[in-house]
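Just input-v3.txt here, compact mmCIF, C-alpha atoms and all ligand atoms:
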```
# COMPACT_ATOMS: atom_id res chain seq x y z
CA MET A 1 -152.66 3.34 -143.17
CA SER A 2 -152.32 -0.43 -143.29
CA HIS A 3 -152.90 -3.36 -145.64
CA VAL A 4 -155.22 -6.20 -144.61
CA PRO A 5 -153.93 -9.42 -146.23
CA VAL A 6 -156.54 -11.05 -148.48
CA MET A 7 -157.52 -14.76 -148.17
CA LEU A 8 -154.63 -15.30 -145.77
CA ASN A 9 -155.95 -18.59 -144.33
CA GLU A 10 -156.50 -20.02 -147.80
CA VAL A 11 -153.00 -18.89 -148.86
CA LEU A 12 -151.43 -20.67 -145.89
CA GLU A 13 -153.49 -23.84 -146.42
CA ASN A 14 -152.40 -24.08 -150.02
CA LEU A 15 -148.78 -23.07 -149.52
CA ALA A 16 -148.49 -25.36 -146.46
CA PRO A 17 -145.16 -23.91 -145.19
CA ARG A 18 -142.75 -26.50 -143.74
CA ASP A 19 -139.80 -26.17 -141.36
CA GLY A 20 -136.46 -25.91 -143.14
CA ALA A 21 -138.02 -25.09 -146.51
CA ALA A 22 -137.39 -22.01 -148.73
CA TYR A 23 -140.18 -19.80 -150.04
CA LEU A 24 -140.69 -16.71 -152.17
CA ASP A 25 -143.28 -14.02 -151.60
CA GLY A 26 -143.16 -12.26 -154.98
CA THR A 27 -145.36 -9.37 -153.80
CA PHE A 28 -144.19 -8.39 -150.32
CA GLY A 29 -146.53 -5.35 -150.03
CA GLY A 30 -147.41 -4.75 -146.38
CA GLY A 31 -145.69 -8.01 -145.38
CA GLY A 32 -148.93 -9.63 -144.20
CA TYR A 33 -148.36 -12.95 -146.00
CA ALA A 34 -144.64 -12.82 -145.22
CA ARG A 35 -145.22 -12.52 -141.49
CA ALA A 36 -147.79 -15.34 -141.50
CA ILE A 37 -145.48 -17.67 -143.48
CA LEU A 38 -142.55 -16.96 -141.15
CA GLU A 39 -144.77 -17.60 -138.12
CA ALA A 40 -146.24 -20.80 -139.59
CA ALA A 41 -142.91 -22.66 -140.00
CA ALA A 42 -139.19 -22.32 -139.29
CA CYS A 43 -138.54 -21.58 -142.95
CA THR A 44 -136.56 -19.06 -145.00
CA LEU A 45 -138.43 -16.47 -147.04
CA TRP A 46 -137.25 -14.34 -149.93
CA ALA A 47 -139.59 -11.47 -150.70
CA ILE A 48 -139.67 -9.29 -153.80
CA ASP A 49 -141.45 -5.99 -154.37
CA ARG A 50 -140.87 -3.40 -157.05
CA ASP A 51 -141.99 -0.65 -154.68
CA PRO A 52 -139.08 0.62 -152.57
CA ASP A 53 -141.53 2.09 -150.02
CA ALA A 54 -142.90 -1.43 -149.34
CA LEU A 55 -139.40 -2.79 -148.73
CA ALA A 56 -138.50 0.13 -146.46
CA ARG A 57 -141.54 -0.66 -144.32
CA GLY A 58 -140.40 -4.31 -144.21
CA ALA A 59 -137.16 -3.55 -142.33
CA ALA A 60 -138.85 -4.12 -138.96
CA LEU A 61 -140.04 -7.58 -140.04
CA VAL A 62 -136.52 -8.48 -141.22
CA ALA A 63 -135.21 -7.57 -137.76
CA GLN A 64 -137.94 -9.62 -136.11
CA PHE A 65 -136.95 -12.81 -137.99
CA PRO A 66 -133.14 -12.61 -138.02
CA GLY A 67 -131.57 -14.43 -140.97
CA ARG A 68 -134.93 -15.75 -142.20
CA LEU A 69 -136.42 -12.93 -144.28
CA HIS A 70 -134.55 -11.45 -147.26
CA LEU A 71 -136.04 -8.50 -149.15
CA ILE A 72 -135.22 -7.91 -152.81
CA GLU A 73 -136.22 -4.84 -154.83
CA GLY A 74 -137.35 -5.60 -158.36
CA SER A 75 -140.08 -6.97 -160.52
CA PHE A 76 -141.30 -10.51 -159.93
CA GLY A 77 -141.06 -11.07 -163.69
CA ASP A 78 -137.28 -10.91 -163.15
CA MET A 79 -137.32 -13.38 -160.25
CA LEU A 80 -134.95 -15.83 -161.94
CA SER A 81 -132.13 -13.30 -162.14
CA LEU A 82 -133.02 -11.61 -158.84
CA LEU A 83 -132.94 -14.93 -156.97
CA ASN A 84 -129.89 -16.05 -158.85
CA GLY A 85 -128.13 -12.91 -157.68
CA ALA A 86 -129.08 -13.87 -154.12
CA GLY A 87 -127.70 -17.40 -154.61
CA VAL A 88 -131.14 -19.08 -154.68
CA ALA A 89 -131.54 -21.80 -157.33
CA SER A 90 -134.78 -23.48 -156.25
CA LEU A 91 -137.76 -23.03 -153.94
CA ASP A 92 -140.32 -25.11 -152.08
CA GLY A 93 -143.16 -22.67 -152.61
CA MET A 94 -144.13 -19.29 -153.91
CA VAL A 95 -146.98 -16.88 -153.47
CA LEU A 96 -148.07 -13.96 -155.65
CA ASP A 97 -150.72 -11.52 -154.44
CA LEU A 98 -151.27 -9.46 -157.55
CA GLY A 99 -152.14 -5.81 -157.89
CA LEU A 100 -151.78 -2.97 -155.43
CA SER A 101 -151.49 -2.75 -151.67
CA SER A 102 -153.75 -0.47 -149.64
CA PHE A 103 -150.64 1.64 -148.92
CA GLN A 104 -150.38 2.38 -152.63
CA ILE A 105 -154.10 2.90 -153.28
CA ASP A 106 -154.64 5.11 -150.24
CA ASP A 107 -151.64 7.37 -150.85
CA ALA A 108 -152.91 10.09 -153.23
CA ALA A 109 -149.32 10.99 -154.10
CA ARG A 110 -148.86 7.62 -155.86
CA GLY A 111 -151.53 8.58 -158.38
CA PHE A 112 -153.55 5.33 -158.43
CA SER A 113 -156.77 6.70 -157.00
CA PHE A 114 -159.62 8.34 -158.86
CA ARG A 115 -161.19 9.19 -155.50
CA ARG A 116 -158.29 11.25 -154.16
CA ASP A 117 -156.64 13.88 -156.31
CA GLY A 118 -152.93 13.42 -156.87
CA PRO A 119 -150.27 13.43 -159.58
CA LEU A 120 -151.17 11.08 -162.45
CA ASP A 121 -148.30 8.68 -161.77
CA MET A 122 -149.40 5.02 -161.20
CA ARG A 123 -145.88 3.55 -161.20
CA MET A 124 -145.35 0.84 -158.61
CA GLY A 125 -141.59 1.31 -158.93
CA ARG A 126 -139.69 4.49 -159.52
CA SER A 127 -138.68 4.20 -163.17
CA GLY A 128 -140.35 4.39 -166.56
CA PRO A 129 -143.10 6.57 -167.98
CA THR A 130 -145.97 7.68 -165.73
CA ALA A 131 -149.68 7.51 -166.55
CA ALA A 132 -149.50 11.26 -167.28
CA ASP A 133 -146.79 10.56 -169.89
CA LEU A 134 -149.02 7.96 -171.58
CA VAL A 135 -152.11 10.18 -171.47
CA ALA A 136 -150.07 13.05 -172.96
CA GLY A 137 -148.25 11.07 -175.63
CA LEU A 138 -150.24 8.09 -176.90
CA PRO A 139 -152.01 8.55 -180.23
CA GLU A 140 -155.83 8.46 -179.86
CA GLU A 141 -156.20 4.99 -181.34
CA GLU A 142 -153.52 3.44 -179.12
CA LEU A 143 -155.05 5.11 -176.09
CA ALA A 144 -158.43 3.60 -176.98
CA ASP A 145 -156.87 0.15 -177.54
CA THR A 146 -155.17 0.34 -174.15
CA LEU A 147 -158.44 1.19 -172.38
CA TYR A 148 -160.21 -1.62 -174.21
CA GLN A 149 -157.55 -4.34 -173.80
CA PHE A 150 -156.50 -3.71 -170.23
CA GLY A 151 -159.72 -2.23 -168.85
CA GLU A 152 -162.31 -4.05 -170.95
CA GLU A 153 -163.82 -0.57 -171.35
CA ARG A 154 -166.55 -0.69 -174.02
CA LEU A 155 -166.56 3.10 -174.35
CA SER A 156 -162.81 3.23 -174.95
CA ARG A 157 -163.04 5.18 -178.22
CA ARG A 158 -165.30 7.82 -176.72
CA ILE A 159 -162.99 8.25 -173.71
CA ALA A 160 -159.85 8.41 -175.88
CA ARG A 161 -161.49 11.11 -177.99
CA ALA A 162 -162.37 13.14 -174.88
CA ILE A 163 -158.82 12.80 -173.53
CA VAL A 164 -157.27 13.94 -176.81
CA LYS A 165 -159.62 16.94 -176.92
CA ALA A 166 -158.88 17.86 -173.30
CA ARG A 167 -155.11 17.53 -173.62
CA ALA A 168 -155.11 19.90 -176.58
CA GLU A 169 -156.45 22.55 -174.18
CA ALA A 170 -154.34 21.81 -171.08
CA PRO A 171 -151.99 19.03 -169.95
CA ILE A 172 -153.71 16.27 -167.93
CA ILE A 173 -151.46 15.84 -164.93
CA THR A 174 -153.70 14.87 -161.99
CA THR A 175 -155.91 11.87 -161.25
CA GLY A 176 -158.78 14.26 -160.54
CA GLN A 177 -158.53 15.85 -163.99
CA LEU A 178 -158.52 12.48 -165.76
CA ALA A 179 -161.38 11.09 -163.66
CA ALA A 180 -163.49 14.21 -164.42
CA ILE A 181 -162.87 13.85 -168.18
CA ILE A 182 -163.98 10.20 -168.06
CA ARG A 183 -167.02 10.85 -165.85
CA ASN A 184 -168.09 13.51 -168.32
CA VAL A 185 -168.44 11.01 -171.17
CA VAL A 186 -169.26 7.71 -169.41
CA PRO A 187 -172.70 7.46 -167.81
CA PRO A 188 -172.77 6.22 -164.21
CA SER A 189 -173.47 2.49 -163.96
CA ARG A 190 -176.40 1.06 -162.01
CA ASP A 191 -174.07 -0.98 -159.76
CA GLY A 192 -172.49 2.23 -158.46
CA ILE A 193 -169.01 1.49 -159.89
CA ASP A 194 -167.20 4.73 -160.68
CA PRO A 195 -167.06 5.31 -164.48
CA ALA A 196 -163.29 5.91 -164.17
CA THR A 197 -162.60 2.46 -162.64
CA ARG A 198 -161.89 0.52 -165.84
CA SER A 199 -159.79 3.25 -167.46
CA PHE A 200 -157.65 3.67 -164.34
CA GLN A 201 -157.12 -0.09 -164.20
CA ALA A 202 -156.11 -0.11 -167.87
CA LEU A 203 -153.56 2.69 -167.51
CA ARG A 204 -152.10 1.12 -164.36
CA ILE A 205 -151.66 -2.24 -166.10
CA ARG A 206 -149.97 -0.59 -169.06
CA VAL A 207 -147.73 1.71 -166.98
CA ASN A 208 -146.44 -1.28 -165.00
CA ASP A 209 -146.54 -3.82 -167.85
CA GLU A 210 -148.39 -6.04 -165.41
CA LEU A 211 -149.72 -8.83 -167.60
CA ALA A 212 -146.38 -9.57 -169.29
CA ASP A 213 -144.76 -9.66 -165.86
CA ILE A 214 -147.27 -12.22 -164.61
CA GLU A 215 -146.56 -14.48 -167.61
CA ARG A 216 -142.83 -14.25 -166.99
CA ALA A 217 -143.26 -14.95 -163.28
CA LEU A 218 -145.33 -18.07 -163.89
CA GLN A 219 -142.76 -19.42 -166.35
CA ALA A 220 -139.99 -18.73 -163.87
CA ALA A 221 -141.93 -20.35 -161.04
CA ALA A 222 -142.31 -23.52 -163.06
CA THR A 223 -138.53 -23.84 -163.31
CA LEU A 224 -137.75 -22.75 -159.74
CA LEU A 225 -140.11 -25.01 -157.80
CA ASN A 226 -138.71 -28.22 -156.34
CA PRO A 227 -140.71 -31.46 -156.64
CA GLY A 228 -143.65 -31.07 -154.22
CA GLY A 229 -143.27 -27.27 -154.39
CA ARG A 230 -146.43 -25.16 -154.43
CA LEU A 231 -147.42 -22.00 -156.25
CA VAL A 232 -150.33 -19.92 -154.93
CA VAL A 233 -151.64 -16.92 -156.86
CA VAL A 234 -154.27 -14.43 -155.72
CA SER A 235 -155.60 -12.26 -158.53
CA PHE A 236 -158.04 -9.37 -158.54
CA HIS A 237 -159.48 -9.06 -162.01
CA SER A 238 -160.39 -11.30 -164.90
CA LEU A 239 -157.37 -10.41 -167.08
CA GLU A 240 -154.97 -11.57 -164.38
CA ASP A 241 -157.02 -14.61 -163.47
CA ARG A 242 -157.34 -15.72 -167.10
CA ILE A 243 -153.55 -15.83 -167.47
CA VAL A 244 -153.14 -17.81 -164.25
CA LYS A 245 -155.98 -20.20 -165.05
CA ARG A 246 -154.60 -21.01 -168.52
CA PHE A 247 -151.05 -21.43 -167.31
CA PHE A 248 -152.13 -23.74 -164.49
CA ALA A 249 -154.33 -25.82 -166.80
CA ASP A 250 -151.39 -26.23 -169.21
CA ALA A 251 -148.94 -27.10 -166.46
CA ALA A 252 -151.33 -29.72 -165.09
CA GLY A 253 -152.05 -31.20 -168.52
CA ARG A 254 -155.66 -29.97 -168.37
CA ALA A 255 -155.57 -27.64 -171.35
CA PRO A 256 -158.13 -28.64 -174.01
CA GLY A 257 -156.28 -30.55 -176.75
CA PRO A 258 -157.29 -31.75 -180.24
CA SER A 259 -160.43 -33.91 -180.45
CA ARG A 260 -160.29 -37.68 -179.80
CA HIS A 261 -160.40 -38.37 -183.53
CA ASP A 262 -157.64 -35.93 -184.45
CA PRO A 263 -154.38 -37.76 -185.37
CA ARG A 264 -152.40 -34.91 -183.74
CA ARG A 265 -153.57 -36.36 -180.45
CA LEU A 266 -151.19 -39.29 -181.01
CA ALA A 267 -148.19 -36.97 -180.90
CA ALA A 268 -146.94 -37.33 -177.33
CA ALA A 269 -148.27 -34.43 -175.24
CA PRO A 270 -145.69 -33.35 -172.67
CA ALA A 271 -146.32 -35.16 -169.39
CA PRO A 272 -147.86 -32.86 -166.78
CA ARG A 273 -145.37 -31.57 -164.25
CA PHE A 274 -147.92 -30.09 -161.88
CA LYS A 275 -151.25 -30.94 -160.34
CA LEU A 276 -154.03 -28.50 -159.55
CA LEU A 277 -154.59 -27.94 -155.84
CA THR A 278 -157.69 -25.87 -156.59
CA SER A 279 -159.92 -27.37 -159.29
CA ARG A 280 -161.68 -24.01 -159.54
CA ALA A 281 -160.73 -20.61 -158.18
CA LEU A 282 -161.37 -20.13 -154.46
CA ARG A 283 -163.24 -16.96 -153.47
CA PRO A 284 -163.11 -15.10 -150.16
CA ARG A 285 -165.77 -15.95 -147.59
CA ASP A 286 -168.61 -13.46 -147.17
CA SER A 287 -167.34 -12.68 -143.67
CA GLU A 288 -163.95 -11.65 -145.09
CA ILE A 289 -165.54 -9.42 -147.74
CA PHE A 290 -167.72 -7.87 -145.05
CA GLY A 291 -164.64 -6.99 -142.97
CA ASN A 292 -162.44 -6.03 -145.96
CA PRO A 293 -164.36 -4.92 -149.06
CA ARG A 294 -161.09 -4.88 -151.06
CA ALA A 295 -161.14 -8.68 -150.91
CA ARG A 296 -164.36 -8.93 -152.89
CA SER A 297 -162.87 -9.57 -156.33
CA ALA A 298 -160.07 -11.91 -155.13
CA ARG A 299 -159.64 -15.35 -156.66
CA LEU A 300 -157.06 -17.84 -155.45
CA ARG A 301 -155.57 -20.66 -157.54
CA ALA A 302 -152.79 -23.07 -156.58
CA ILE A 303 -150.72 -25.83 -158.19
CA GLN A 304 -148.14 -28.27 -156.89
CA ARG A 305 -145.16 -29.69 -158.73
CA LEU A 306 -145.42 -33.46 -158.92
CA THR A 307 -142.91 -35.43 -156.90
CA HIS A 308 -142.68 -38.13 -159.60
CA GLU A 309 -142.73 -36.96 -163.17
CA PHE A 310 -143.84 -39.64 -165.60
CA GLY A 311 -142.60 -39.69 -169.16
CA THR A 312 -144.10 -42.10 -171.68
CA LEU A 313 -144.97 -45.53 -170.34
CA PRO A 314 -142.26 -48.22 -170.73
C1 LIG B 1 -151.63 -6.77 -152.98
S1 LIG B 1 -150.06 -6.20 -152.49
C2 LIG B 1 -149.38 -7.53 -151.58
C3 LIG B 1 -149.82 -7.55 -150.14
C4 LIG B 1 -149.16 -8.63 -149.30
N1 LIG B 1 -149.52 -9.96 -149.73
C5 LIG B 1 -149.50 -8.46 -147.84
O1 LIG B 1 -150.09 -9.38 -147.25
O2 LIG B 1 -149.19 -7.41 -147.28
C6 LIG B 1 -149.15 -6.26 -153.96
C7 LIG B 1 -147.72 -5.79 -153.88
O3 LIG B 1 -147.05 -6.35 -154.97
C8 LIG B 1 -146.23 -5.41 -155.58
N2 LIG B 1 -146.15 -5.77 -157.00
C9 LIG B 1 -147.14 -5.77 -157.89
N3 LIG B 1 -146.68 -6.18 -159.08
C10 LIG B 1 -145.37 -6.46 -158.91
C11 LIG B 1 -144.35 -6.94 -159.78
N4 LIG B 1 -144.58 -7.19 -161.05
N5 LIG B 1 -143.12 -7.14 -159.26
C12 LIG B 1 -142.88 -6.90 -157.94
N6 LIG B 1 -143.79 -6.42 -157.09
C13 LIG B 1 -145.03 -6.21 -157.58
C14 LIG B 1 -146.89 -4.08 -155.35
O4 LIG B 1 -145.91 -3.05 -155.35
C15 LIG B 1 -147.53 -4.30 -153.97
O5 LIG B 1 -146.69 -3.84 -152.95
```
Could the structure of this file be written out as structure tokens, please?
Amino acid sequence: MSHVPVMLNEVLENLAPRDGAAYLDGTFGGGGYARAILEAAACTLWAIDRDPDALARGAALVAQFPGRLHLIEGSFGDMLSLLNGAGVASLDGMVLDLGLSSFQIDDAARGFSFRRDGPLDMRMGRSGPTAADLVAGLPEEELADTLYQFGEERLSRRIARAIVKARAEAPIITTGQLAAIIRNVVPPSRDGIDPATRSFQALRIRVNDELADIERALQAAATLLNPGGRLVVVSFHSLEDRIVKRFFADAAGRAPGPSRHDPRRLAAAPAPRFKLLTSRALRPRDSEIFGNPRARSARLRAIQRLTHEFGTLP
């Protein structure tokens, strides 16, 4: 098992690591970005992951870059307090590679995969309710809302009904059981995507509270980055990318405001503190997708904190 880092060249180009600078990799995973950043410049790197297995695998990399790589267990949404605890008050750059690593997807025991049967877990960390707990306990309507909101599943009500019916007969405790229930009520799509894909994504996002964590991480990044500091985010589905896109547009003063004729426009809008490094999301090259199909839905966006922040004109 291994994890092939996605859009690595584009990540490095946009992060532009410098000697002597301090960086955060908020999603250490298989350490692919971390290794490349440490090799690209004589910098210091803090790396967070909420999955203790990922950090355990990282021990060899820590030994390879003595004093330069520091691993921290926790959620990137808590990066302010995690970094504070490590004595880090500011950073020159940060990268977030959202979602799951291949280690997590490919390990049936983690319960993320609808292709391999395993316990219905889906937790990236070790605490909190599992997907099986949610499937067993959520009322039908809340289950349907979860599938709709976090999976954009149009047949959410039908699936929720089938789950509630099935769980009345026997507890749903494996990924295989859940996938079979969904496949039974959702017709196969013409593009060959497994009918369970969207529901599994939805449950995973809810189990790990992923979207709220991304919002908190972006807010924290905006306060942690030094002038000139860069933030690079790679996302894998439209819900993640929408949050990043909106936040970046706001931070760069590009969010749509009131119309030209609206008096509210006269109220001083906060001066932008960032500029966009990517005017639109970058996508992986075809050659990368060919070699690593998991890269196909990746989108990369980056911003840079301005070195001079302008207030109102004198
Ligand atoms: C796509 S992988 C990162 C791969 C990495 N860039 C590499 O090159 O090996 C995502 C990793 O981020 C972790 N992760 C996802 N959400 C997280 C969060 N909110 N806080 C901390 N870690 C998170 C996952 O546990 C997983 O190990």
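Between ligand LIG 1 (chain B) and the candidates A:Ser101, A:Ser297, A:Ser113, A:Gln64, the tightest atom-to-atom separation, counting all atoms listed in the file, involves A:Ser101.
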Between A:Ser235, A:Ser199, A:Thr130, A:Thr223, which one has atoms that come closest to ligand LIG 1 (chain B), using all atoms listed in the file?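 Of the candidates, the smallest distance to ligand LIG 1 (chain B) is held by A:Ser235.
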Within 10 Å of A:Asp53 using all atoms listed in the file, minus same-chain residues under 6 positions, as a list in words: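 Once the adjacent positions are removed, what remains is Gly29, Gly30, Glu73, Phe103, Gln104, Met124, Gly125 and Arg126 of chain A.
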Selection: 9 Å around stretch 155-168 of chain A, only C-alpha atoms, excl. self and same-chain fewer than 4 positions, as a short mmCIF file (atom, residue, chain, number, x, y, z; two decimals) with C-alpha atoms, in the coordinates of the input:
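After the write, out_31.cif holds the following:
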```cif
data_model
loop_
_atom_site.label_atom_id
_atom_site.label_comp_id
_atom_site.auth_asym_id
_atom_site.auth_seq_id
_atom_site.Cartn_x
_atom_site.Cartn_y
_atom_site.Cartn_z
CA VAL A 135 -152.11 10.18 -171.47
CA ALA A 136 -150.07 13.05 -172.96
CA PRO A 139 -152.01 8.55 -180.23
CA GLU A 140 -155.83 8.46 -179.86
CA GLU A 141 -156.20 4.99 -181.34
CA GLU A 142 -153.52 3.44 -179.12
CA LEU A 143 -155.05 5.11 -176.09
CA ALA A 144 -158.43 3.60 -176.98
CA ASP A 145 -156.87 0.15 -177.54
CA THR A 146 -155.17 0.34 -174.15
CA LEU A 147 -158.44 1.19 -172.38
CA TYR A 148 -160.21 -1.62 -174.21
CA GLY A 151 -159.72 -2.23 -168.85
CA ILE A 172 -153.71 16.27 -167.93
CA LEU A 178 -158.52 12.48 -165.76
CA ILE A 181 -162.87 13.85 -168.18
CA ILE A 182 -163.98 10.20 -168.06
CA ASN A 184 -168.09 13.51 -168.32
CA VAL A 185 -168.44 11.01 -171.17
CA VAL A 186 -169.26 7.71 -169.41
CA SER A 199 -159.79 3.25 -167.46
#
```
Counting all atoms listed in the file, what residues are within 6 Å of ligand LIG 1 (chain B), given as a list in words? His3, Pro5, Thr27, Phe28, Gly29, Gly30, Gly31, Gly32, Tyr33, Ile48, Asp49, Arg50, Asp51, Ala54, Gly74, Ser75, Phe76, Gly77, Asp97, Leu98, Gly99, Leu100, Ser101, Met124, Glu210 and Asp213 of chain A
What's the separation between atom CA of A:Ala40 and atom CA of A:Ile289, in Å to one decimal place? 23.8 Å
Do you have the atom CA of A:Pro66-atom CA of A:Asp92 distance handy?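 Taking atom CA of A:Pro66 as the start and atom CA of A:Asp92 as the end point, the length is 20.1 Å.
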For atom CA of A:Ala34 and atom CA of A:Ser238, quote the distance in Å rounded to one decimal.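 Spanning atom CA of A:Ala34 to atom CA of A:Ser238 is a straight-line distance of 25.3 Å.
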Residues near A:Arg285, cut-off 10 Å, only C-alpha atoms, skip fewer than 5 positions along chain, as a PyMOL selection string: chain A and resi 7+290+295-296
Nearby residues (all atoms listed in the file) at most 8 Å from A:Phe112, same-chain spacing under 5 positions excluded, as a short mmCIF file (atom, residue, chain, number, x, y, z; two decimals) with C-alpha atoms, in the coordinates of the input:
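This went into part-v9.cif:
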```cif
data_model
loop_
_atom_site.label_atom_id
_atom_site.label_comp_id
_atom_site.auth_asym_id
_atom_site.auth_seq_id
_atom_site.Cartn_x
_atom_site.Cartn_y
_atom_site.Cartn_z
CA GLN A 104 -150.38 2.38 -152.63
CA ILE A 105 -154.10 2.90 -153.28
CA LEU A 120 -151.17 11.08 -162.45
CA ASP A 121 -148.30 8.68 -161.77
CA MET A 122 -149.40 5.02 -161.20
CA THR A 175 -155.91 11.87 -161.25
CA PHE A 200 -157.65 3.67 -164.34
CA ARG A 204 -152.10 1.12 -164.36
#
```
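With distances taken over all atoms listed in the file, A:Gly176 is the one residue among A:Gly176, A:Leu225, A:Leu12, A:Arg299 lying closest to A:Ala108.
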Closest to A:Ala220 among A:Met94, A:Val4, A:Glu240, A:Ala21, using all atoms listed in the file?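 Nearest candidate to A:Ala220 out of A:Met94, A:Val4, A:Glu240, A:Ala21: A:Met94.
Nearest residue to A:Arg254, choosing from A:Arg301, A:Lys275, A:Arg183, A:Arg35 and counting all atoms listed in the file: A:Lys275.
Closest approach to A:Gly20 among A:Leu61, A:Ala36, A:Ile303, A:Leu91 is made by A:Leu91 (distances from all atoms listed in the file).
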